[in-house]
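Trainee: You'll find entry09.cif just under this line, and it carries mmCIF, C-alpha atoms.
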data_start
#
loop_
_atom_site.label_atom_id
_atom_site.label_comp_id
_atom_site.auth_asym_id
_atom_site.auth_seq_id
_atom_site.Cartn_x
_atom_site.Cartn_y
_atom_site.Cartn_z
CA MET A 1 101.41 107.82 90.38
CA PHE A 2 97.75 106.80 90.76
CA GLN A 3 98.76 103.95 93.03
CA LYS A 4 100.87 106.32 95.16
CA GLU A 5 97.96 108.74 95.51
CA ALA A 6 95.54 105.96 96.43
CA GLN A 7 97.96 104.36 98.92
CA SER A 8 98.77 107.66 100.60
CA GLU A 9 95.11 108.67 100.79
CA LEU A 10 93.91 105.35 102.13
CA ARG A 11 96.56 105.52 104.86
CA ALA A 12 96.20 109.21 105.74
CA ARG A 13 92.46 109.43 104.95
CA THR A 14 92.61 113.23 105.06
CA GLY A 15 90.80 113.80 101.76
CA ILE A 16 88.28 111.00 102.26
CA ILE A 17 87.28 112.29 105.68
CA THR A 18 87.05 115.88 104.38
CA VAL A 19 84.87 114.88 101.44
CA GLY A 20 82.72 112.56 103.57
CA LEU A 21 82.02 115.14 106.25
CA LEU A 22 81.36 117.95 103.78
CA SER A 23 79.08 115.69 101.72
CA LEU A 24 77.09 114.66 104.77
CA CYS A 25 76.74 118.23 106.04
CA THR A 26 75.66 119.51 102.62
CA VAL A 27 73.09 116.78 102.04
CA VAL A 28 71.62 117.19 105.54
CA ALA A 29 71.41 120.99 105.14
CA LEU A 30 69.76 120.76 101.73
CA THR A 31 67.37 118.04 102.83
CA LEU A 32 66.27 120.05 105.84
CA ALA A 33 65.82 123.15 103.65
CA VAL A 34 63.49 121.43 101.20
CA PHE A 35 61.89 118.98 103.65
CA ASN A 36 58.30 118.12 102.68
CA MET A 37 58.51 120.38 99.60
CA GLN A 38 57.87 119.33 96.03
CA ILE A 39 60.91 120.74 94.22
CA SER A 40 61.36 120.99 90.46
CA GLY A 41 64.10 119.35 88.42
CA ASN A 42 65.61 122.79 87.84
CA LEU A 43 66.07 123.45 91.54
CA ALA A 44 67.16 119.89 92.32
CA ALA A 45 69.85 120.04 89.62
CA GLY A 46 71.15 123.33 91.01
CA LEU A 47 71.16 122.03 94.57
CA LEU A 48 72.87 118.79 93.60
CA TRP A 49 75.59 120.62 91.68
CA SER A 50 76.08 122.97 94.63
CA ALA A 51 76.49 119.95 96.89
CA ILE A 52 78.98 118.29 94.55
CA LEU A 53 81.00 121.49 94.23
CA PHE A 54 80.99 122.14 97.95
CA ALA A 55 82.13 118.62 98.75
CA SER A 56 84.71 118.25 95.96
CA VAL A 57 86.37 121.62 95.48
CA PRO A 58 88.17 121.71 98.86
CA ALA A 59 89.45 118.13 98.46
CA LEU A 60 90.39 117.72 94.81
CA PRO A 61 93.21 120.29 94.52
CA ARG A 62 94.81 118.83 97.65
CA THR A 63 96.71 116.30 95.58
CA PHE A 64 98.99 119.10 94.37
CA LEU A 65 98.79 121.41 97.35
CA ALA A 66 99.80 118.57 99.68
CA GLU A 67 102.95 117.93 97.61
CA GLU A 68 104.07 121.53 98.08
CA GLU A 69 103.05 121.67 101.74
CA LEU A 70 104.88 118.42 102.51
CA GLY A 71 107.84 119.53 100.40
CA THR A 72 107.70 116.43 98.21
CA GLY A 73 107.07 118.37 95.00
CA ASP A 74 110.81 118.45 94.32
CA LEU A 75 110.96 114.66 94.48
CA LEU A 76 108.36 114.41 91.73
CA ARG A 77 110.11 117.09 89.69
CA GLN A 78 113.26 114.99 89.79
CA TRP A 79 111.64 111.64 89.15
CA ALA A 80 108.71 112.10 86.84
CA ARG A 81 107.62 113.57 83.57
CA PRO A 82 105.01 116.33 84.05
CA HIS A 83 102.43 114.39 82.05
CA SER A 84 102.81 111.32 84.27
CA VAL A 85 102.28 113.46 87.37
CA TYR A 86 99.25 115.21 85.93
CA TRP A 87 97.54 112.07 84.61
CA GLY A 88 98.17 110.11 87.79
CA LYS A 89 96.69 112.84 89.94
CA VAL A 90 93.77 113.65 87.66
CA LEU A 91 92.87 109.95 87.41
CA TYR A 92 92.86 109.64 91.18
CA ASN A 93 90.79 112.82 91.49
CA ALA A 94 88.35 111.64 88.82
CA VAL A 95 87.77 108.37 90.70
CA GLN A 96 87.32 110.25 93.96
CA GLY A 97 85.05 112.81 92.26
CA VAL A 98 82.83 110.18 90.62
CA VAL A 99 82.50 108.20 93.87
CA THR A 100 81.65 111.43 95.72
CA GLY A 101 79.11 112.38 93.05
CA VAL A 102 77.41 108.98 93.10
CA VAL A 103 77.20 108.83 96.90
CA LEU A 104 75.99 112.44 97.16
CA SER A 105 73.37 111.98 94.45
CA ALA A 106 72.06 108.78 96.01
CA LEU A 107 71.80 110.42 99.44
CA PHE A 108 70.32 113.67 98.17
CA LEU A 109 67.75 112.16 95.82
CA GLY A 110 66.89 109.50 98.39
CA PHE A 111 66.37 111.98 101.23
CA ILE A 112 64.20 114.41 99.22
CA GLY A 113 62.38 111.60 97.39
CA MET A 114 63.19 112.97 93.93
CA HIS A 115 62.42 110.79 90.91
CA VAL A 116 65.01 110.61 88.12
CA ALA A 117 63.08 111.03 84.86
CA ILE A 118 65.82 109.91 82.45
CA PRO A 119 68.23 107.65 84.37
CA TRP A 120 70.75 107.13 81.55
CA LEU A 121 71.01 110.87 80.95
CA PHE A 122 71.40 111.46 84.69
CA ALA A 123 74.20 108.86 84.88
CA LEU A 124 76.00 110.34 81.86
CA SER A 125 75.58 113.86 83.17
CA LEU A 126 76.85 112.95 86.64
CA PHE A 127 79.84 111.01 85.33
CA GLY A 128 80.85 113.64 82.75
CA GLY A 129 80.34 116.45 85.23
CA CYS A 130 82.46 114.82 87.93
CA VAL A 131 85.28 113.99 85.50
CA ALA A 132 85.26 117.54 84.06
CA LEU A 133 85.20 118.95 87.58
CA ALA A 134 88.13 116.75 88.63
CA GLY A 135 90.15 117.78 85.56
CA THR A 136 89.43 121.48 86.08
CA VAL A 137 90.03 121.58 89.82
CA THR A 138 93.20 119.47 89.54
CA LEU A 139 94.58 121.91 86.97
CA CYS A 140 93.71 124.88 89.19
CA GLY A 141 95.44 123.18 92.13
CA ALA A 142 98.53 122.53 90.03
CA LEU A 143 98.66 126.11 88.78
CA VAL A 144 98.47 127.72 92.21
CA ALA A 145 100.27 125.11 94.31
CA ARG A 146 103.63 126.90 94.36
CA ALA A 147 102.24 130.40 94.85
CA SER A 148 102.59 131.99 98.25
CA ASN A 149 99.06 133.45 98.13
CA ARG A 150 97.57 130.25 96.79
CA ALA A 151 94.17 130.56 98.52
CA ALA A 152 93.32 133.87 96.86
CA LEU A 153 94.84 132.80 93.58
CA ALA A 154 92.87 129.52 93.57
CA GLY A 155 89.60 131.44 93.55
CA ALA A 156 90.72 133.79 90.80
CA VAL A 157 91.93 130.92 88.61
CA SER A 158 89.10 128.47 89.24
CA VAL A 159 86.00 130.69 88.95
CA PRO A 160 86.33 131.44 85.19
CA LEU A 161 86.93 127.75 84.53
CA LEU A 162 84.17 126.45 86.80
CA LEU A 163 81.34 128.79 85.78
CA PRO A 164 80.87 127.39 82.25
CA LEU A 165 81.14 123.86 83.64
CA ILE A 166 78.44 124.53 86.22
CA ALA A 167 76.16 126.10 83.61
CA ILE A 168 76.45 123.15 81.25
CA GLY A 169 76.25 120.60 84.08
CA VAL A 170 73.07 122.06 85.55
CA SER A 171 71.46 122.29 82.08
CA SER A 172 72.23 118.65 81.46
CA MET A 173 71.11 117.39 84.87
CA ARG A 174 67.84 119.30 85.12
CA VAL A 175 66.53 117.57 81.99
CA SER A 176 67.42 114.19 83.45
CA LEU A 177 65.44 115.19 86.56
CA GLY A 178 62.31 116.06 84.55
CA SER A 179 62.61 119.78 83.66
CA GLY A 180 63.27 121.21 80.19
CA PHE A 181 63.36 119.61 76.79
CA TYR A 182 64.96 116.27 76.03
CA THR A 183 67.06 117.60 73.12
CA GLN A 184 68.39 120.42 75.32
CA GLY A 185 69.52 117.86 77.87
CA VAL A 186 71.24 115.73 75.25
CA MET A 187 72.99 118.77 73.75
CA ALA A 188 74.06 119.97 77.19
CA THR A 189 75.43 116.51 78.01
CA ILE A 190 77.40 116.47 74.76
CA GLY A 191 78.68 119.93 75.69
CA LEU A 192 79.64 118.64 79.13
CA TYR A 193 81.73 115.84 77.61
CA GLY A 194 83.23 118.31 75.15
CA TYR A 195 84.26 120.51 78.06
CA ALA A 196 85.70 117.51 79.91
CA ILE A 197 87.68 116.39 76.85
CA PHE A 198 88.90 119.93 76.16
CA THR A 199 90.00 120.42 79.76
CA LEU A 200 91.73 117.06 79.98
CA ALA A 201 93.42 117.55 76.60
CA ILE A 202 94.77 121.02 77.24
CA ALA A 203 95.53 120.77 80.97
CA PRO A 204 98.63 118.52 80.69
CA TRP A 205 100.31 121.02 78.38
CA VAL A 206 99.48 123.97 80.59
CA PHE A 207 100.62 121.96 83.59
CA ALA A 208 103.90 120.91 81.93
CA SER A 209 104.77 124.54 81.23
CA VAL A 210 104.39 125.60 84.88
CA TRP A 211 105.52 122.42 86.66
CA LYS A 212 109.26 122.94 86.31
CA ASN A 213 109.21 126.74 86.61
CA MET B 1 125.35 111.84 73.81
CA ARG B 2 128.23 113.14 75.82
CA ARG B 3 130.34 115.78 74.15
CA SER B 4 134.02 114.93 74.23
CA SER B 5 136.35 117.50 75.64
CA VAL B 6 139.76 117.58 77.23
CA LYS B 7 140.20 119.80 80.21
CA GLU B 8 143.45 121.60 80.58
CA ALA B 9 145.71 120.44 83.34
CA GLN B 10 145.62 122.77 86.25
CA THR B 11 148.39 123.23 88.72
CA ALA B 12 147.64 121.74 92.09
CA ASN B 13 146.91 124.17 94.90
CA ALA B 14 146.77 127.18 92.58
CA ILE B 15 143.68 129.24 93.18
CA GLN B 16 142.17 130.29 89.91
CA PRO B 17 139.48 132.98 90.26
CA VAL B 18 136.65 132.28 87.87
CA GLU B 19 134.86 135.58 87.76
CA ALA B 20 134.56 138.52 90.06
CA THR B 21 131.08 139.73 90.87
CA ASN B 22 129.60 142.76 92.51
CA ASN B 23 129.54 141.22 95.95
CA ARG B 24 130.95 137.72 95.68
CA CYS B 25 134.04 136.10 94.27
CA LEU B 26 133.90 132.51 93.12
CA SER B 27 137.01 130.45 92.79
CA ILE B 28 137.90 126.91 91.84
CA LEU B 29 140.73 125.27 93.73
CA PRO B 30 141.99 122.16 91.94
CA THR B 31 143.46 119.66 94.33
CA ASP B 32 144.36 117.03 91.78
CA ILE B 33 145.74 116.94 88.23
CA ARG B 34 143.44 115.08 85.92
CA PHE B 35 142.85 114.47 82.23
CA TYR B 36 139.51 113.13 81.12
CA THR B 37 137.00 113.08 78.33
CA GLY B 38 133.27 113.48 78.40
CA ALA B 39 131.70 116.73 79.58
CA VAL B 40 128.84 116.13 81.99
CA LEU B 41 128.02 119.67 83.05
CA GLU B 42 128.80 123.11 81.67
CA VAL B 43 127.92 126.21 83.61
CA ASN B 44 128.35 129.66 82.07
CA GLY B 45 127.83 132.88 84.00
CA LEU B 46 125.30 131.27 86.31
CA GLY B 47 123.60 133.52 88.85
CA LYS B 48 120.66 133.26 91.20
CA ARG B 49 118.93 136.00 93.10
CA PHE B 50 115.92 136.16 95.38
CA ASP B 51 114.24 139.54 95.10
CA ASP B 52 117.12 142.03 94.98
CA ARG B 53 119.69 139.85 96.73
CA TRP B 54 122.15 137.90 94.64
CA ILE B 55 122.90 134.52 96.20
CA PHE B 56 125.71 133.84 93.72
CA ARG B 57 126.65 135.36 90.42
CA GLY B 58 128.99 134.87 87.48
CA LEU B 59 129.68 131.21 88.16
CA SER B 60 131.35 129.37 85.26
CA PHE B 61 132.87 125.89 85.28
CA SER B 62 132.66 122.58 83.49
CA LEU B 63 132.76 119.08 84.90
CA SER B 64 133.53 115.83 83.18
CA VAL B 65 133.54 112.17 84.06
CA GLY B 66 135.65 111.58 87.14
CA ASP B 67 135.31 115.08 88.58
CA LYS B 68 134.27 115.34 92.19
CA LEU B 69 133.61 118.94 93.11
CA VAL B 70 133.10 120.08 96.66
CA VAL B 71 131.17 123.33 97.15
CA ARG B 72 131.91 125.04 100.41
CA GLY B 73 131.08 128.35 102.01
CA ARG B 74 129.67 129.74 105.20
CA ASN B 75 126.01 129.26 106.17
CA GLY B 76 123.80 131.16 103.76
CA ALA B 77 126.51 131.37 101.11
CA GLY B 78 124.23 129.64 98.60
CA LYS B 79 125.54 126.06 98.53
CA SER B 80 122.12 124.42 98.69
CA THR B 81 120.62 126.97 96.30
CA LEU B 82 123.39 126.26 93.79
CA LEU B 83 122.68 122.52 93.98
CA LYS B 84 118.96 123.11 93.45
CA VAL B 85 119.70 125.26 90.40
CA LEU B 86 122.03 122.57 89.03
CA ALA B 87 119.27 119.99 89.66
CA HIS B 88 116.83 122.14 87.64
CA LEU B 89 114.63 122.61 90.70
CA LEU B 90 115.19 126.38 90.67
CA MET B 91 115.45 128.56 87.60
CA PRO B 92 118.73 130.49 87.32
CA SER B 93 118.33 134.26 87.27
CA GLU B 94 121.09 134.59 84.69
CA GLY B 95 123.57 132.48 82.81
CA SER B 96 123.20 129.07 81.24
CA LEU B 97 123.43 125.50 82.34
CA GLU B 98 124.00 122.53 80.05
CA GLY B 99 123.92 118.93 81.07
CA PRO B 100 123.95 116.29 82.03
CA PRO B 101 123.16 114.87 78.60
CA GLY B 102 120.13 112.65 78.14
CA ASP B 103 117.08 112.21 80.31
CA PRO B 104 117.54 114.22 83.54
CA ARG B 105 115.32 111.76 85.43
CA LEU B 106 118.02 109.13 84.92
CA ASN B 107 121.20 111.18 84.63
CA LEU B 108 120.75 113.72 87.38
CA SER B 109 120.03 113.13 91.07
CA LEU B 110 119.98 115.32 94.14
CA SER B 111 120.02 114.23 97.74
CA ALA B 112 119.42 117.14 100.10
CA LEU B 113 118.96 117.37 103.85
CA ASP B 114 115.75 119.37 103.51
CA GLN B 115 114.27 116.98 100.96
CA ALA B 116 110.94 115.75 102.32
CA LEU B 117 109.75 112.16 101.91
CA TYR B 118 106.22 110.77 101.71
CA PRO B 119 105.27 110.08 105.34
CA HIS B 120 102.71 107.40 104.47
CA LEU B 121 104.91 105.41 102.10
CA THR B 122 107.39 102.81 103.30
CA VAL B 123 111.10 102.79 102.48
CA ARG B 124 110.53 100.02 99.95
CA GLU B 125 107.57 101.84 98.37
CA HIS B 126 109.68 104.98 97.94
CA LEU B 127 112.25 103.03 95.96
CA ILE B 128 109.59 101.34 93.83
CA LEU B 129 107.74 104.62 93.16
CA ALA B 130 110.96 106.39 92.16
CA SER B 131 111.97 103.59 89.80
CA ASP B 132 108.50 103.43 88.23
CA LEU B 133 108.43 107.16 87.57
CA ARG B 134 112.02 107.34 86.35
CA GLY B 135 111.78 104.20 84.26
CA CYS B 136 114.86 102.57 85.76
CA PRO B 137 115.39 99.25 87.57
CA ALA B 138 114.21 99.46 91.19
CA ARG B 139 117.15 97.46 92.66
CA THR B 140 115.14 97.59 95.87
CA GLU B 141 116.76 94.79 97.85
CA GLU B 142 120.24 95.65 96.60
CA LEU B 143 119.82 99.27 97.68
CA LEU B 144 118.28 98.36 101.03
CA VAL B 145 121.34 96.23 101.80
CA ARG B 146 123.65 98.97 100.55
CA ILE B 147 122.17 101.67 102.78
CA GLY B 148 121.63 99.37 105.75
CA LEU B 149 117.84 99.63 105.88
CA VAL B 150 116.85 96.01 105.21
CA GLU B 151 115.03 95.68 108.53
CA ALA B 152 113.34 99.08 108.12
CA GLY B 153 112.23 98.36 104.54
CA ASP B 154 108.55 98.16 105.47
CA ARG B 155 108.58 101.08 107.87
CA PHE B 156 106.79 104.31 106.94
CA ALA B 157 109.07 107.26 106.25
CA ALA B 158 107.35 109.20 109.04
CA LEU B 159 108.65 106.60 111.51
CA LEU B 160 112.28 106.71 110.37
CA SER B 161 114.98 108.46 112.35
CA THR B 162 116.75 111.46 110.81
CA GLY B 163 119.75 109.34 109.91
CA MET B 164 117.58 106.65 108.33
CA ARG B 165 115.82 109.27 106.23
CA SER B 166 119.21 110.52 105.05
CA ARG B 167 120.14 106.97 104.05
CA LEU B 168 116.88 106.61 102.14
CA ARG B 169 117.54 109.90 100.32
CA LEU B 170 120.97 108.60 99.35
CA ALA B 171 119.44 105.37 98.04
CA LEU B 172 116.90 107.31 95.98
CA ALA B 173 119.66 109.50 94.58
CA ILE B 174 121.93 106.65 93.49
CA GLN B 175 119.12 104.39 92.27
CA PRO B 176 119.32 105.41 88.57
CA GLU B 177 123.15 105.44 88.63
CA PRO B 178 123.19 109.05 87.39
CA ALA B 179 125.90 110.79 85.40
CA LEU B 180 125.75 113.72 87.81
CA LEU B 181 125.10 113.18 91.50
CA LEU B 182 124.46 116.19 93.74
CA LEU B 183 124.80 115.66 97.49
CA ASP B 184 123.91 118.39 99.96
CA GLU B 185 125.50 117.81 103.39
CA PRO B 186 125.24 114.04 102.92
CA GLY B 187 126.90 113.06 106.17
CA ALA B 188 125.28 115.66 108.40
CA SER B 189 123.02 113.29 110.31
CA LEU B 190 124.81 110.02 109.70
CA ASP B 191 126.76 107.79 112.08
CA GLU B 192 130.22 106.38 111.37
CA ASP B 193 128.82 103.61 109.12
CA GLY B 194 126.76 106.18 107.28
CA ARG B 195 129.80 108.33 106.62
CA THR B 196 131.63 105.30 105.27
CA LEU B 197 128.63 104.72 103.01
CA VAL B 198 128.83 108.31 101.74
CA ALA B 199 132.55 107.88 101.04
CA SER B 200 131.92 104.70 99.05
CA ILE B 201 129.10 106.35 97.09
CA CYS B 202 131.36 109.31 96.23
CA ASP B 203 134.15 106.97 95.19
CA GLU B 204 131.82 104.94 93.01
CA GLN B 205 130.28 108.05 91.47
CA GLY B 206 133.73 109.35 90.56
CA GLN B 207 134.28 106.26 88.47
CA ARG B 208 130.86 106.39 86.83
CA GLY B 209 130.20 110.10 86.29
CA CYS B 210 130.74 113.21 88.30
CA LEU B 211 129.80 114.42 91.72
CA ILE B 212 129.06 117.75 93.36
CA LEU B 213 129.14 117.77 97.12
CA ALA B 214 128.00 120.76 99.20
CA THR B 215 129.63 120.57 102.59
CA ASN B 216 131.91 122.27 105.06
CA ASP B 217 132.91 119.01 106.71
CA PRO B 218 136.71 118.60 106.38
CA GLU B 219 136.42 114.82 106.02
CA GLU B 220 133.85 115.06 103.26
CA ARG B 221 135.90 117.72 101.50
CA ARG B 222 138.69 115.19 101.17
CA LEU B 223 136.39 113.00 99.05
CA ALA B 224 136.55 115.54 96.23
CA ASN B 225 139.28 116.51 93.80
CA LEU B 226 137.97 119.98 92.90
CA GLU B 227 136.82 122.71 95.20
CA LEU B 228 134.51 125.65 94.72
CA ASN B 229 134.45 128.21 97.49
CA LEU B 230 131.45 130.53 97.68
CA VAL B 231 132.71 133.60 99.46
CA ASP B 232 131.55 137.16 100.00
#
Take the structure in the file and write it out as C-alpha cells.

Mentor:
Amino acid sequence: MFQKEAQSELRARTGIITVGLLSLCTVVALTLAVFNMQISGNLAAGLLWSAILFASVPALPRTFLAEEELGTGDLLRQWARPHSVYWGKVLYNAVQGVVTGVVLSALFLGFIGMHVAIPWLFALSLFGGCVALAGTVTLCGALVARASNRAALAGAVSVPLLLPLIAIGVSSMRVSLGSGFYTQGVMATIGLYGYAIFTLAIAPWVFASVWKN
Amino acid sequence: MRRSSVKEAQTANAIQPVEATNNRCLSILPTDIRFYTGAVLEVNGLGKRFDDRWIFRGLSFSLSVGDKLVVRGRNGAGKSTLLKVLAHLLMPSEGSLEGPPGDPRLNLSLSALDQALYPHLTVREHLILASDLRGCPARTEELLVRIGLVEAGDRFAALLSTGMRSRLRLALAIQPEPALLLLDEPGASLDEDGRTLVASICDEQGQRGCLILATNDPEERRLANLELNLVD
C-alpha cells in the first residue's frame, strides 16, 4: 500500500507540488512579516506550527479523498483489509509530513536567523508533531472521504482533533527554541508522543468501522 | 467452510416468482436442471433503496457451486446496484446476505464497467498490487497472456483503451480464483476475442464456483443456466 502511494505520488506529483508551493509561500510570507525583528521562541514556535499546518493539512487527507474522487476506493474495499489500507496510507503521510516539517523548519529558521536552543528536543518535537499530525489528518480524511459535503465535514471533524495537538506541539517546540522551562518542554514532548501513539492506536479501529459502510 | 445443501430440481422454463414487492416483482427462470452441493451465496429478503426509492426489494435466492446466474432488466432496473450489494460494496437496506464462505478478498470478486483503475499504475503493477493486498499469487504473466495484454503490461492504465481496461478488470477479478465471481456487463466494450475470453472465464468459473452476470446481451445470457429478471 505504501509502495502504491509512493509510486502514484512520484508519477502524478500532485501532493508534492501542492505541499512544496504552499510551504514556500508560507515561509516567504512569515519571513517577510518578521524581517529584521528579534522574535521570541514562543512566537517562532507558533509561526512554525502554523506553517506546518498550512502546508500539510490540504495535502495529507488527499490519500483518501483521491481514492473516492478517482473511484478506486471500491477496488481497495475488495482487495484489502481496512488496517492494511490505513497503515499504508498513514505511513506514506507520516513520511511526507516529516519531510515537509524538516524542510519547512530549515527554511523558516534559516531565513529568520533563529537559533535552536535545545536541538534534540526540537528534533523530537518536530518528528512527533509531524507523525501525530499525519495520523490525525489521515483519519479525518478517511472519515469524510465518502461524504458528499466532505469539505465542510472535514473542518468539523478535524478541528477538535487538531486543537489539542497544536497546543501540545507549540508548548514542546517553544522550549526547544529558548522560551519556557526545560521540564515543561520535556513533559509537552512526552504528551505529544502520547497523543501520536493514542491517535495511531485508535484510528485503525475507527477507520475499520467506517471503511466498509 | 462451505455448507452442504442440495437444491431441489426445478422444471426447465417454468417461471417461479420469488417474492412480490410493492413496485417490483423478482423472478428466477431456471434454464437447466442441476443437482449440486456446496452453497456459495444465500440471499434472504434483500432490498436496497436510495432515499425513498426502492431499487429492488424482497429478493431471495441461493447459489451453489456450478450455478451461473444472469441478472437482466432494463436500464436503471438495479442490476449494477445488486452486484455491488452482493460484493459488499453497498450496504443492503433490508434483508440478509450470507457468503461466500471464507475471506471475501479471495472468494469474492467484482468486475464492473464503472470500476475505476489507478491511472498512474501500469497493468502489471495493478496485478501485483491486487495480489499483495489480497494475499494470493499474482500470476501476472499467466493473466497477461490470458487477457491478451502482454504487450501492454507496462502501460499506464490511463493510456489503455476502454476495451483494454475491461480486460484488465477481468484479470483482476479472476486473479484470486474466487468462489463467487460477479461480472457487470463484461462484454460491453470488448471485441470478438474479448467476448470469447468472457465466455471462457464464465465456463471456467462454473466449474470452480458460481457466477453472477449482469447483462442484457442475448449472447452473454446464454452463458448462464439461471436467470433473474428485475422488472417493474

Trainee: Given the file above and the PyMOL selection byres ((chain A) within 8 of (chain B)), which residues are selected, and can you give them as JSON, numbers by chain?

Mentor: {"A": [1, 4, 7, 8, 11, 12, 70, 71, 72, 74, 75, 77, 78, 79, 80, 81, 84, 212, 213]}

Trainee: Okay, now the selection with C-alpha atoms, as a PDB file, in the coordinates of the input?

Mentor:
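Written out: result_26.pdb:
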ATOM      1  CA  MET A   1     101.410 107.820  90.380  1.00  0.00           C
ATOM      2  CA  LYS A   4     100.870 106.320  95.160  1.00  0.00           C
ATOM      3  CA  GLN A   7      97.960 104.360  98.920  1.00  0.00           C
ATOM      4  CA  SER A   8      98.770 107.660 100.600  1.00  0.00           C
ATOM      5  CA  ARG A  11      96.560 105.520 104.860  1.00  0.00           C
ATOM      6  CA  ALA A  12      96.200 109.210 105.740  1.00  0.00           C
ATOM      7  CA  LEU A  70     104.880 118.420 102.510  1.00  0.00           C
ATOM      8  CA  GLY A  71     107.840 119.530 100.400  1.00  0.00           C
ATOM      9  CA  THR A  72     107.700 116.430  98.210  1.00  0.00           C
ATOM     10  CA  ASP A  74     110.810 118.450  94.320  1.00  0.00           C
ATOM     11  CA  LEU A  75     110.960 114.660  94.480  1.00  0.00           C
ATOM     12  CA  ARG A  77     110.110 117.090  89.690  1.00  0.00           C
ATOM     13  CA  GLN A  78     113.260 114.990  89.790  1.00  0.00           C
ATOM     14  CA  TRP A  79     111.640 111.640  89.150  1.00  0.00           C
ATOM     15  CA  ALA A  80     108.710 112.100  86.840  1.00  0.00           C
ATOM     16  CA  ARG A  81     107.620 113.570  83.570  1.00  0.00           C
ATOM     17  CA  SER A  84     102.810 111.320  84.270  1.00  0.00           C
ATOM     18  CA  LYS A 212     109.260 122.940  86.310  1.00  0.00           C
ATOM     19  CA  ASN A 213     109.210 126.740  86.610  1.00  0.00           C
TER      20      ASN A 213
END

Trainee: Run the PyMOL selection byres ((chain B and resi 149-163) around 7) on the file and write out the hits as a PyMOL selection string.

Mentor: chain B and resi 117-124+144-145+147-148+164-167+189-190

Trainee: Which is closest to Ala188 in chain A among A:Ser125, A:Val131, A:Leu143, A:Ser209, if we use all atoms listed in the file?

Mentor: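 Nearest candidate to Ala188 in chain A out of A:Ser125, A:Val131, A:Leu143, A:Ser209: A:Ser125.
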
Trainee: Could you spell out the hits of the PyMOL selection byres ((chain B and resi 187) around 12) on the shown file, as a ChimeraX atom specification?

Mentor: /B:111-113,162-167,169-170,183-186,188-199,201-202,213-221,223

Trainee: Of the candidates A:Leu139, A:Ser176, A:Pro58, A:Ile16, which one gets nearest to His83 in chain A if we count only C-alpha atoms?

Mentor: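 Of all the options, A:Leu139 lies closest to His83 in chain A.
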
Trainee: Could you check which of B:Val65, B:Ala77, B:Ala138, B:Ile55 is closest to Ala179 in chain B, using only C-alpha atoms?

Mentor: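 Comparing B:Val65, B:Ala77, B:Ala138, B:Ile55 against Ala179 in chain B, the winner is B:Val65.
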
Trainee: Please report the interatomic distance between CA of Leu182 in chain B and CA of Leu76 in chain A in Å with one decimal.

Mentor: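 Interatomic distance here is 16.3 Å.
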
Trainee: Which one is closest to Gly99 in chain B: B:Leu181, B:Ala39, B:Val231, B:Ile174? Count all atoms listed in the file.

Mentor: B:Ala39

Trainee: Rounded to one decimal, what separation in Å do you get between CA of Val40 in chain B and CA of Arg222 in chain B?

Mentor: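 Computing the Euclidean distance for CA of Val40 in chain B and CA of Arg222 in chain B yields 21.6 Å.
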
Trainee: Select, counting only C-alpha atoms, all protein, DNA and RNA residues no farther than 8 Å from (85.6, 112.7, 95.2) in file coordinates, and express the selection as a PyMOL selection string.

Mentor: chain A and resi 16+19+55-56+59-60+93-101

Trainee: So, counting all atoms listed in the file, which residue among B:Gly58, B:Pro137, B:Gly78, B:Gly47 is closest to Glu94 in chain B?

Mentor: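 Among B:Gly58, B:Pro137, B:Gly78, B:Gly47, it is B:Gly47 that comes nearest to Glu94 in chain B.
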
Trainee: Determine, counting only C-alpha atoms, which protein, DNA and RNA residues have an atom within 7 Å of an atom of Thr189 in chain A; residues of the same chain fewer than 3 positions away are not included. Present the result as a compact mmCIF listing (two decimals) with C-alpha atoms, keeping the file's coordinate frame.

Mentor:
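Output contents, as saved in result-v6.txt:
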# COMPACT_ATOMS: atom_id res chain seq x y z
CA SER A 125 75.58 113.86 83.17
CA SER A 172 72.23 118.65 81.46
CA GLY A 185 69.52 117.86 77.87
CA VAL A 186 71.24 115.73 75.25
CA LEU A 192 79.64 118.64 79.13
CA TYR A 193 81.73 115.84 77.61

Trainee: Mind giving me the straight-line distance from CA of Pro92 in chain B to CA of Phe61 in chain B in Å, one decimal?

Mentor: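 Separation of CA of Pro92 in chain B and CA of Phe61 in chain B: 15.0 Å.
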
Trainee: Which one of A:Thr14, A:Val90, A:Leu32, A:Thr26 sits closest to Phe2 in chain A if you count only C-alpha atoms?

Mentor: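 Nearest to Phe2 in chain A: A:Val90.
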